[in-house]
Amino acid sequence: MDFDQAIDAFLTHCRVERGLSRNTIDAYSRDLQGFHQWSPIEALEQLTADRFTSYVGELNTSRKYAPATVRRRIAALRRFCRFLRSRKLLEEDPFPRRLRAPKAQPLPQAISYDEITSLLATPDTSKPLGIRDRALLEALYASGMRVSECCNLRLADLDLNAGFTRVHGKGGKIRVCPLGDYAVEWLKRYLCEVRPTLPPCSRSTKVFLSRRGELSRVQVFRLVRSYAAAAGISARVTPHTLRHSFATHLLENGADIRVVQELLGHASISTVEYYTRVVMSRLREVYSRAHPHG
């Protein structure tokens, strides 16, 4: 039996004997074919511990694959090798026991919608910089932008009449993000009333300015942390917390995970799947508290 035939046998076993779902079987197929493309072997005897170690090492060092993708591929190869051993197609299981998936990433920290509401209402909008800060916070939460993307936002990127902005993401990739009515309202007010009064206005095309120059990442971090403390939020809040909250609240309200992936600018959907873990964790907590047999 050659490698392709062994994959077919394994997938048939998963479908007929184990009753796995079509999605799981398709994932196994992609992962095993991915390994085969990396190492186009023919005979099963060519499956060696060194070959697997090299492959997993390359997966772990490549920026192309999210940790969840690497863990899934390792699991697929391990199960495949166990199947070959159980069917006596191999004398020994060649997959090294020491090979482990990357350590699971912690769940993204999001704050509740009530806390978001309190945070957004904290800037003193009777003052010019308070209007700027309200617009900044609204834009971060409404779009899910990274702090660097927000700081690099230019006037030409905004289309407030349509309620959208272009976002220049990692790797030079550009995506379009909706802003929502609240963010649009505060951005219009900031751009009309405040930005023209800031000295750097005449020499910068960036949206968010300070009195001395363009607003920096460090300044945004400090502003968010300060407003979170003033709002009485006990959790550690950073600009990225607003991004996490953006994704979590969308999923909690039924948004499709692939739409959220596009809005966040993630190349891999496996990265976004961390947010579904947050949602499921919250659902379990509610269930445990509310259900009689929880």
# chains A, B, ... in the order shown; residues from 1 in each chain; ligands from 1
>>> residues_around(residues="range 123-136 of chain A", least_positions_apart="6", cutoff="8 Å", atoms="only C-alpha atoms", output="number ranges by chain")
A: 183, 186-187, 189-190, 193-195, 208, 223, 227
>>> residues_around(residues="Tyr141 in chain A", least_positions_apart="3", cutoff="6 Å", atoms="only C-alpha atoms", output="ChimeraX atom specification")
/A:138,144,242,246
>>> write_last_selection(atoms="N, CA and C atoms", output="compact mmCIF listing (two decimals), in the first residue's frame")
# COMPACT_ATOMS: atom_id res chain seq x y z
N GLU A 138 -14.33 55.17 20.17
CA GLU A 138 -15.45 54.67 19.35
C GLU A 138 -14.91 53.98 18.10
N GLY A 144 -12.63 47.28 15.33
CA GLY A 144 -11.73 46.19 15.70
C GLY A 144 -10.31 46.41 15.22
N LEU A 242 -10.13 46.27 23.31
CA LEU A 242 -11.27 46.73 22.51
C LEU A 242 -11.42 45.88 21.25
N PHE A 246 -14.63 43.69 20.49
CA PHE A 246 -15.29 43.82 19.18
C PHE A 246 -15.62 42.45 18.61
>>> residues_around(residues="range 34-41 of chain A", least_positions_apart="2", cutoff="12 Å", atoms="only C-alpha atoms", output="ChimeraX atom specification")
/A:2-4,6-7,27-32,43-48,50-56,58-59,69-70,72-74,76-77,80
>>> atom_distance(atom1="CA of Ile257 in chain A", atom2="CA of Gly163 in chain A")
21.8 Å
>>> closest_atom_pairs(of="range 181-212 of chain A", to="range 149-161 of chain A", cutoff="6 Å", atoms="only C-alpha atoms", output="Markdown table")
| residue | atom | partner | partner_atom | distance |
| --- | --- | --- | --- | --- |
| A:Val184 | CA | A:Leu160 | CA | 5.9 |
| A:Thr205 | CA | A:Arg154 | CA | 5.5 |
| A:Lys206 | CA | A:Arg154 | CA | 4.2 |
| A:Val207 | CA | A:Arg154 | CA | 5.1 |
>>> closest_residue(among="A:Pro199, A:Glu262, A:Asp8, A:Asp114", to="Ala231 in chain A", atoms="only C-alpha atoms")
A:Asp114
>>> atom_distance(atom1="CA of Arg82 in chain A", atom2="CA of Arg97 in chain A")
11.5 Å
>>> closest_residue(among="A:Val220, A:Lys88, A:Thr238, A:Cys177", to="Leu264 in chain A", atoms="only C-alpha atoms")
A:Cys177
>>> residues_around(residues="Leu119 in chain A", least_positions_apart="5", cutoff="9 Å", atoms="only C-alpha atoms", output="list in words")
Asp114, Leu137, Val224, Tyr227, Ala228, Ala229, Ala230, Ala231, Gly232 and Ile233 of chain A
>>> closest_residue(among="A:Gly213, A:Arg146, A:Lys64, A:Glu91", to="Thr241 in chain A", atoms="only C-alpha atoms")
A:Arg146
>>> atom_distance(atom1="CA of Gln5 in chain A", atom2="CA of Asp93 in chain A")
17.9 Å
>>> closest_residue(among="A:Leu251, A:Ala162, A:Ala66, A:Val176", to="Met145 in chain A", atoms="only C-alpha atoms")
A:Val176
